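Comments concern the structure below.
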4 protein chains.
Amino acid sequence: MKKELGGVWPALLTPLTESGQPAHDQIEKLVELFVKQGLGGLYILGSTGQWPLLTVEQRRAVAERVVKTAAGRIPVMVHVGAAATADAVALARHAAAIGADAVSAVAPIYYPAGPDLTFEHYRRIGAATELPLFVYHYSGVNQLALDPREYAERLLSLPHIGGIKYTDRDLYQLGLLHAFTRDRMQLFSGADELLCHAALSGSVGAIGTFYNLWGPACLAARQAFIAGSFEKGRRFMLTFQSAIAQVLRSQATWAFLRTALRLKYGIDVGPPKAPLGVLDKPWRDGEVERLIALVDEAA
Amino acid sequence: MKKELGGVWPALLTPLTESGQPAHDQIEKLVELFVKQGLGGLYILGSTGQWPLLTVEQRRAVAERVVKTAAGRIPVMVHVGAAATADAVALARHAAAIGADAVSAVAPIYYPAGPDLTFEHYRRIGAATELPLFVYHYSGVNQLALDPREYAERLLSLPHIGGIKYTDRDLYQLGLLHAFTRDRMQLFSGADELLCHAALSGSVGAIGTFYNLWGPACLAARQAFIAGSFEKGRRFMLTFQSAIAQVLRSQATWAFLRTALRLKYGIDVGPPKAPLGVLDKPWRDGEVERLIALVDEAA
Amino acid sequence: MKKELGGVWPALLTPLTESGQPAHDQIEKLVELFVKQGLGGLYILGSTGQWPLLTVEQRRAVAERVVKTAAGRIPVMVHVGAAATADAVALARHAAAIGADAVSAVAPIYYPAGPDLTFEHYRRIGAATELPLFVYHYSGVNQLALDPREYAERLLSLPHIGGIKYTDRDLYQLGLLHAFTRDRMQLFSGADELLCHAALSGSVGAIGTFYNLWGPACLAARQAFIAGSFEKGRRFMLTFQSAIAQVLRSQATWAFLRTALRLKYGIDVGPPKAPLGVLDKPWRDGEVERLIALVDEAA
Amino acid sequence: MKKELGGVWPALLTPLTESGQPAHDQIEKLVELFVKQGLGGLYILGSTGQWPLLTVEQRRAVAERVVKTAAGRIPVMVHVGAAATADAVALARHAAAIGADAVSAVAPIYYPAGPDLTFEHYRRIGAATELPLFVYHYSGVNQLALDPREYAERLLSLPHIGGIKYTDRDLYQLGLLHAFTRDRMQLFSGADELLCHAALSGSVGAIGTFYNLWGPACLAARQAFIAGSFEKGRRFMLTFQSAIAQVLRSQATWAFLRTALRLKYGIDVGPPKAPLGVLDKPWRDGEVERLIALVDEAA
């Protein structure tokens with residue numbers, strides 16, 4: 001029986017120590033927080049979770065700790081994508097072995113890969129376990145080179161396909177992917193800045209970076225919007241988009257998030273691994289608090 | 001006093017005779033139709049209206065006929081953009097002289113133009129008349145090379161700026177433009193396939209090709225969505241997106257529209273000017289009727 | 001019998017009066033200059049010649065004056081590309097009637113056009129006269145969406161195909177186009193900054209803006225390079241590229257060219273039509289003379 | 001004292017066993033071959049060498065074996081680029097410790113990185129050792145977002161900068177980079193298909209995949225061209241470009257190279273790591289031999 005997934009999921013930040021090792025105590029705190037907040041699930045070791053900067057061993061250790069802490073109280077989807085197919089397959093098997101609920105994988109990175117190679121990569125990952133596979137469509141890595149109908153058909157032919165984490169602002173394509181797959185795939189939108197918009201294109205939920213901080217507000221706004229409060233959805237999205245723009249314009253996203261999680265939740269996610277964040281200027285606490293409140297109050 | 005604009009506007013098809021001249025009788029029929037349907041306004045001589053394929057004289061003649069027929073019953077916005085700034089300025093003055101309600105202009109075409117040149121082009125057009133100017137942001141012609149905040153500020157500094165016709169699928173940028181301009185500009189979304197989505201980013205209305213055919217359905221769906229029927233908005237958009245995809249995939253959009261307007265309204269918009277449409281395969285009437293009904297029934 | 005074309009051709013500037021009309025006396029001076037300089041031919045009313053900013057009537061008048069002045073002493077290729085296929089066809093017929101040597105046409109502009117539509121547009125233009133047609137591949141307008149082999153085959157199937165004006169920096173594609181067409185097409189490179197490089201990919205000549213000013217130097221450098229002076233070619237190209245970069249970086253290319261032609265040849269090409277050049281800051285005569293000498297002395 | 005580098009360098013294929021481990025015996029054979037052929041140097045563990053698919057430990061082992069086998073008879077440049085700056089720094093130190101001649105690094109991958117972050121990443125790698133650093137400008141990974149003059153200045157300010165491996169077809173930018181850096185940097189062109197063309201833009205040598213197979217022919221053609229045989233350079237490049245196009249069009253580049261190295265040199269480079277090459281169809285020996293001869297005979 002297929003598990004119903006949906007709602008607002010943080011793309012979990014991976015807390016690290018100053019020396020770049022997984023900070024397991026802070027990881028546990030994050031997981032407990034999101035369980036308590038009633039979020040829809042945890043997406044771990046994705047782009048936000050710094051997978052390309054961690055070793056395969058570190059990725060296993062983080063996944064184990066998250067799944068163990070979640071303890072069935074919240075679904076866990078493990079991003080297992082990797083440059084080498086063999087690494088992705090091994091990580092998928094590990095995720096299944098430790099009791100994760102789903103796996104996800106980005107397309108091949110670095111080397112240009114056409115649709116055939118991309119789908120063979122996905123196929124091997126999907127075939128490696130019984131877990132549902134959520135293809136991570138990340139427009140920074142793979143452009144949609146196919147007609148959405150053909151893309152949908154090829155996705156549906158993948159073993160154990162569960163859906164897509166669709167990180168792209170093109171919601172026409174998302175709507176077409178939904179139209180061509182309906183209840184055979186579950187679509188998560190990955191562009192935080194279009195959280196509510198994406199629901200109009202058939203998304204069942206959203207996975208993103210900023211839900212580490214504003215999960216409850218985003219969940220409330222999304223639910224109110226779906227329940228009929230267009231004006232609430234509109235006002236929230238305009239505020240949320242402005243807040244995201246302020247963070248991105250600072251070119252210090254990591255510094256913002258680290259400060260914000262410390263101030264709001266007392267959790268230290270530590271420094272990112274270089275080159276991420278190495279030029280981030282510090283955010284002042286007051287400025288961070290102002291932004292946190294701005295979004296929370298708009299919900 | 002600023003006129004309140006909004007709602008669903010057809011980007012008017014320009015009916016032509018077989019020899020490529022404006023078909024004034026059919027133009028009048030179209031205008032009467034849209035007045036009767038209660039649409040929000042008419043956007044004439046834009047990309048859908050084939051401005052690049054018409055002479056300046058033909059453009060004047062069409063504008064005159066539309067404004068005269070509309071006779072104040074529905075606002076008319078005239079696209080006056082042109083390769084040469086002088087042509088655009090002259091067309092703007094003409095639009096003012098004949099009593100149009102607003103002008104619109106696309107960025108410079110063909111030659112690469114940075115922000116400074118683009119805004120100088122707009123400035124001259126805006127300064128040419130007292131009519132509100134709606135910049136036609138068409139992502140096929142001008143990419144948003146500026147930070148949205150700077151773009152907004154430069155737009156606001158244009159003489160007689162009224163707003164934007166934003167033909168782009170990036171609704172994050174649209175939302176930021178709204179956040180930075182609020183009630184000082186009116187934003188129309190130009191991507192039909194994101195009609196309702198765009199309302200979440202602050203659009204007051206929508207201007208597009210398919211509203212020549214499905215104006216009432218789109219108007220009804222947009223109003224219901226804004227009034228709280230999320231589910232209606234979602235279902236309509238998924239259907240509408242699928243219909244648009246079927247039309248575009250045929251690579252015979254003109255043939256579809258011509259057939260559809262003939263079947264549904266008894267209006268013949270004639271052939272487009274080459275190279276547009278020259279390879280269009282004919283649509284069968286039954287197939288067109290099926291698609292028309294599909295969207296109408298989803299509203 | 002096919003006329004042998006080749007060498008260095010200016011993409012003729014179209015001298016205009018202050019009121020934007022063709023300045024026929026200056027046009028004649030330019031033509032006489034290039035005849036005297038022994039350049040390979042004249043490419044008129046292309047992008048440099050401001051075709052998109054001129055009326056069809058002005059284009060006819062300029063073509064007539066150039067062909068009449070050239071009087072068979074130098075080949076004349078007329079760019080007849082236009083937004084509307086019918087305009088391009090009419091201009092091609094006019095070029096043939098007045099005794100031009102070849103026609104050229106850019107792909108459809110403004111509206112996105114796939115390969116089929118593009119080739120149908122070309123086909124109608126090629127079929128309109130007995131003159132050889134040189135497709136104007138301008139990467140700013142049409143990207144090479146086809147495999148070069150398929151592109152070459154489709155070009156070869158066009159009526160009266162003569163070759164390509166290839167304005168693109170990708171010299172791998174140019175080499176492949178040559179490999180697939182050999183002596184059935186004549187390839188002109190259109191990127192001035194790669195004048196000599198392009199000869200390695202099979203170009204028979206070059207057409208470009210800066211040959212209005214530096215035609216003799218460029219001709220001498222190209223010939224020396226082909227005759228075996230690699231080092232001369234290398235030194236010239238590095239100098240020429242630097243000079244071009246200085247001009248482009250000024251964002252006042254028109255001002256530079258106008259000043260340079262006045263200083264060097266006593267010809268006034270007048271102002272460009274807006275929006276071109278409207279923000280150009282003036283160049284000081286001394287600075288222009290320095291750049292002119294820099295390139296001339298490198299030849 | 002600065003070592004003079006130049007000539008034709010293979011971007012060394014990394015021979016692997018069927019189980020994906022470095023095949024040290026075949027690595028030694030390759031190194032001996034290129035020493036015997038008199039090539040200019042070895043560029044190891046770049047894109048061709050599959051760095052993203054190997055572990056840090058495997059990369060160390062391969063580097064050690066190559067440097068030890070080369071034994072000072074041919075310069076070795078080690079690509080140390082990595083997703084994590086710390087990995088790149090550690091690999092650079094390792095390269096210095098084992099006696100490599102230079103290091104190279106690609107820009108940050110996967111996460112979008114602006115110029116500041118990119119140069120900080122480079123700076124840390126350059127500062128880690130006394131070896132000259134060759135920035136690997138790979139247009140698939142980092143677009144030239146800067147004006148070439150500013151790019152050149154920032155490169156020159158890097159500690160121990162040696163030059164660039166410039167893998168991009170834009171030879172105007174390459175020429176400008178040369179003009180702005182002159183003898184302070186050594187530029188290698190990385191687009192095999194423009195081997196000779198790039199010499200006109202100031203490259204001192206070329207680094208690329210196909211020199212694993214056709215090193216001597218490419219070296220001979222480049223030298224003859226520089227010595228004054230334009231026609232030889234032209235003919236060779238047209239043939240070489242066609243051969244490359246045939247290989248790339250097969251979408252089985254790895255299969256071609258593996259077969260070719262086996263047939264021509266009796267070296268088995270083994271299978272690539274998935275996802276690379278997993279869909280490659282086999283090339284027939286005769287077809288491979290025909291292509292090998294085609295290029296060899298054009299030199």
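Following the order of the structure tokens, first chain is A, next is B, and so on, with residues numbered from 1 inside each chain and ligands from 1 in the order they appear.
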
Residues near Val80 in chain B, cut-off 10 Å, only C-alpha atoms, skip fewer than 4 positions along chain, as a ChimeraX atom specification
/B:44-46,51,56,59-60,63,85,87-95,103-106,125,133

For C-alpha atoms, I'd like the residues from the last selection saved as an mmCIF file, in the first residue's frame.
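This went into selection-v4.cif:
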```
data_model
loop_
_atom_site.group_PDB
_atom_site.id
_atom_site.type_symbol
_atom_site.label_atom_id
_atom_site.label_comp_id
_atom_site.auth_asym_id
_atom_site.auth_seq_id
_atom_site.Cartn_x
_atom_site.Cartn_y
_atom_site.Cartn_z
ATOM 1 C CA ILE B 44 -4.290 45.375 -29.454
ATOM 2 C CA LEU B 45 -1.434 45.022 -31.927
ATOM 3 C CA GLY B 46 0.792 43.035 -29.617
ATOM 4 C CA TRP B 51 2.569 44.008 -34.993
ATOM 5 C CA VAL B 56 2.858 51.484 -39.412
ATOM 6 C CA ARG B 59 -1.322 49.570 -37.317
ATOM 7 C CA ARG B 60 -2.903 53.019 -37.267
ATOM 8 C CA ALA B 63 -6.158 50.994 -33.796
ATOM 9 C CA THR B 85 11.969 54.507 -31.307
ATOM 10 C CA ASP B 87 7.932 54.766 -34.930
ATOM 11 C CA ALA B 88 6.917 53.818 -31.408
ATOM 12 C CA VAL B 89 6.660 57.468 -30.379
ATOM 13 C CA ALA B 90 4.562 58.323 -33.414
ATOM 14 C CA LEU B 91 2.256 55.383 -32.782
ATOM 15 C CA ALA B 92 1.880 56.404 -29.141
ATOM 16 C CA ARG B 93 0.862 59.908 -30.170
ATOM 17 C CA HIS B 94 -1.587 58.453 -32.626
ATOM 18 C CA ALA B 95 -3.084 56.232 -29.934
ATOM 19 C CA VAL B 103 -0.185 52.380 -24.534
ATOM 20 C CA SER B 104 2.223 49.505 -24.197
ATOM 21 C CA ALA B 105 5.655 48.862 -25.657
ATOM 22 C CA VAL B 106 8.012 45.957 -25.884
ATOM 23 C CA ILE B 125 7.567 56.532 -25.507
ATOM 24 C CA LEU B 133 2.461 53.303 -20.357
#
```

Using only C-alpha atoms and a cut-off of 12 Å, which residues of chain C sit close to chain D? Please list them as an MDAnalysis selection string.
chainID C and resid 147:149 168:182 191:203 222:246 248:249

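Non-sequential neighbours of range 27-34 of chain B (distance at most 9 Å, separation of 4 or more positions within a chain, only C-alpha atoms) are Trp9, Pro10, Leu12, Leu13, Thr14, Pro15, Leu16, Pro22, Ala23, Gly38, Leu39, Gly40, Gly41, Leu42, Val62, Arg65, Val66, Thr69, Ala70, Ile74, Asn212, Gly215, Tyr265, Ile267 and Val269 of chain B.
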
Per DSSP on the backbone, filter range 72-214 of chain D down to the residues in helix (DSSP H, G or I) and report them as a PyMOL selection string.
chain D and resi 85-98+115-127+148-156+171-184+192-199+211-214

Contact residues around Lys264 in chain A with only C-alpha atoms at 9 Å, ignoring same-chain residues under 5 positions, as a list in words
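The contact residues come out as Leu213, Thr259, Glu289 and Ile292 of chain A.
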
Nearby residues (only C-alpha atoms) at most 7 Å from Pro275 in chain B, same-chain spacing under 4 positions excluded, as a list in words
Ala84, Thr85, Leu117 and His121 of chain C

Using only C-alpha atoms, determine which residues lie at most 8 Å from Gly162 in chain C, disregarding the query and same-chain residues fewer than 2 positions distant; provide the list as a count of residues only.
8

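Interatomic distance, CA of Leu131 in chain D against CA of Val76 in chain D: 11.2 Å.
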
Residue neighbourhood Asp296 in chain B, 9 Å, only C-alpha atoms, exclusion window fewer than 2 positions, as a PyMOL selection string
chain B and resi 214+216-218+291-294+298-299

Those same residues, written as an mmCIF file, in the first residue's frame with all heavy atoms?
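To be explicit, this is the file written out as out-v1.cif:
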```cif
data_model
loop_
_atom_site.group_PDB
_atom_site.id
_atom_site.type_symbol
_atom_site.label_atom_id
_atom_site.label_comp_id
_atom_site.auth_asym_id
_atom_site.auth_seq_id
_atom_site.Cartn_x
_atom_site.Cartn_y
_atom_site.Cartn_z
ATOM 1 N N TRP B 214 -11.359 31.801 -25.068
ATOM 2 C CA TRP B 214 -11.904 31.316 -23.803
ATOM 3 C C TRP B 214 -12.026 32.414 -22.751
ATOM 4 O O TRP B 214 -11.898 32.152 -21.553
ATOM 5 C CB TRP B 214 -11.011 30.193 -23.276
ATOM 6 C CG TRP B 214 -11.155 28.874 -23.958
ATOM 7 C CD1 TRP B 214 -12.299 28.162 -24.163
ATOM 8 C CD2 TRP B 214 -10.087 28.074 -24.521
ATOM 9 N NE1 TRP B 214 -12.023 26.974 -24.816
ATOM 10 C CE2 TRP B 214 -10.670 26.895 -25.042
ATOM 11 C CE3 TRP B 214 -8.712 28.231 -24.637
ATOM 12 C CZ2 TRP B 214 -9.924 25.897 -25.666
ATOM 13 C CZ3 TRP B 214 -7.964 27.235 -25.244
ATOM 14 C CH2 TRP B 214 -8.564 26.080 -25.761
ATOM 15 N N PRO B 216 -14.570 34.215 -21.390
ATOM 16 C CA PRO B 216 -15.542 34.058 -20.300
ATOM 17 C C PRO B 216 -15.184 32.935 -19.325
ATOM 18 O O PRO B 216 -15.306 33.107 -18.112
ATOM 19 C CB PRO B 216 -16.850 33.745 -21.052
ATOM 20 C CG PRO B 216 -16.654 34.411 -22.393
ATOM 21 C CD PRO B 216 -15.195 34.213 -22.718
ATOM 22 N N ALA B 217 -14.703 31.823 -19.854
ATOM 23 C CA ALA B 217 -14.332 30.721 -18.957
ATOM 24 C C ALA B 217 -13.172 31.142 -18.060
ATOM 25 O O ALA B 217 -13.169 30.865 -16.849
ATOM 26 C CB ALA B 217 -13.950 29.483 -19.782
ATOM 27 N N CYS B 218 -12.197 31.815 -18.636
ATOM 28 C CA CYS B 218 -11.035 32.223 -17.850
ATOM 29 C C CYS B 218 -11.414 33.280 -16.819
ATOM 30 O O CYS B 218 -10.930 33.258 -15.684
ATOM 31 C CB CYS B 218 -9.926 32.734 -18.780
ATOM 32 S SG CYS B 218 -9.182 31.400 -19.758
ATOM 33 N N LEU B 291 -11.867 20.390 -27.793
ATOM 34 C CA LEU B 291 -10.987 21.185 -26.923
ATOM 35 C C LEU B 291 -11.703 22.411 -26.375
ATOM 36 O O LEU B 291 -11.540 22.773 -25.205
ATOM 37 C CB LEU B 291 -9.743 21.635 -27.694
ATOM 38 C CG LEU B 291 -8.478 20.829 -27.500
ATOM 39 C CD1 LEU B 291 -7.298 21.545 -28.144
ATOM 40 C CD2 LEU B 291 -8.174 20.613 -26.008
ATOM 41 N N ILE B 292 -12.486 23.054 -27.228
ATOM 42 C CA ILE B 292 -13.239 24.220 -26.754
ATOM 43 C C ILE B 292 -14.110 23.827 -25.567
ATOM 44 O O ILE B 292 -14.100 24.479 -24.515
ATOM 45 C CB ILE B 292 -14.132 24.802 -27.884
ATOM 46 C CG1 ILE B 292 -13.266 25.383 -29.012
ATOM 47 C CG2 ILE B 292 -15.067 25.873 -27.324
ATOM 48 C CD1 ILE B 292 -14.074 25.839 -30.229
ATOM 49 N N ALA B 293 -14.811 22.723 -25.734
ATOM 50 C CA ALA B 293 -15.733 22.282 -24.680
ATOM 51 C C ALA B 293 -14.977 21.882 -23.421
ATOM 52 O O ALA B 293 -15.416 22.158 -22.291
ATOM 53 C CB ALA B 293 -16.578 21.116 -25.188
ATOM 54 N N LEU B 294 -13.844 21.247 -23.613
ATOM 55 C CA LEU B 294 -13.055 20.788 -22.466
ATOM 56 C C LEU B 294 -12.768 21.941 -21.509
ATOM 57 O O LEU B 294 -12.952 21.830 -20.286
ATOM 58 C CB LEU B 294 -11.742 20.180 -22.983
ATOM 59 C CG LEU B 294 -10.810 19.558 -21.949
ATOM 60 C CD1 LEU B 294 -11.386 18.230 -21.476
ATOM 61 C CD2 LEU B 294 -9.413 19.333 -22.537
ATOM 62 N N ALA B 298 -14.677 23.219 -17.799
ATOM 63 C CA ALA B 298 -13.872 23.196 -16.568
ATOM 64 C C ALA B 298 -14.048 24.472 -15.745
ATOM 65 O O ALA B 298 -13.633 24.529 -14.588
ATOM 66 C CB ALA B 298 -12.397 23.003 -16.915
ATOM 67 N N ALA B 299 -14.649 25.487 -16.360
ATOM 68 C CA ALA B 299 -14.740 26.793 -15.677
ATOM 69 C C ALA B 299 -15.844 26.775 -14.608
ATOM 70 O O ALA B 299 -16.813 26.043 -14.711
ATOM 71 C CB ALA B 299 -15.002 27.901 -16.686
#
```

Would you please extract all strand (DSSP E) residues from range 194-232 of chain B, as assigned by DSSP on the backbone, and give them as a PyMOL selection string?
chain B and resi 205-208
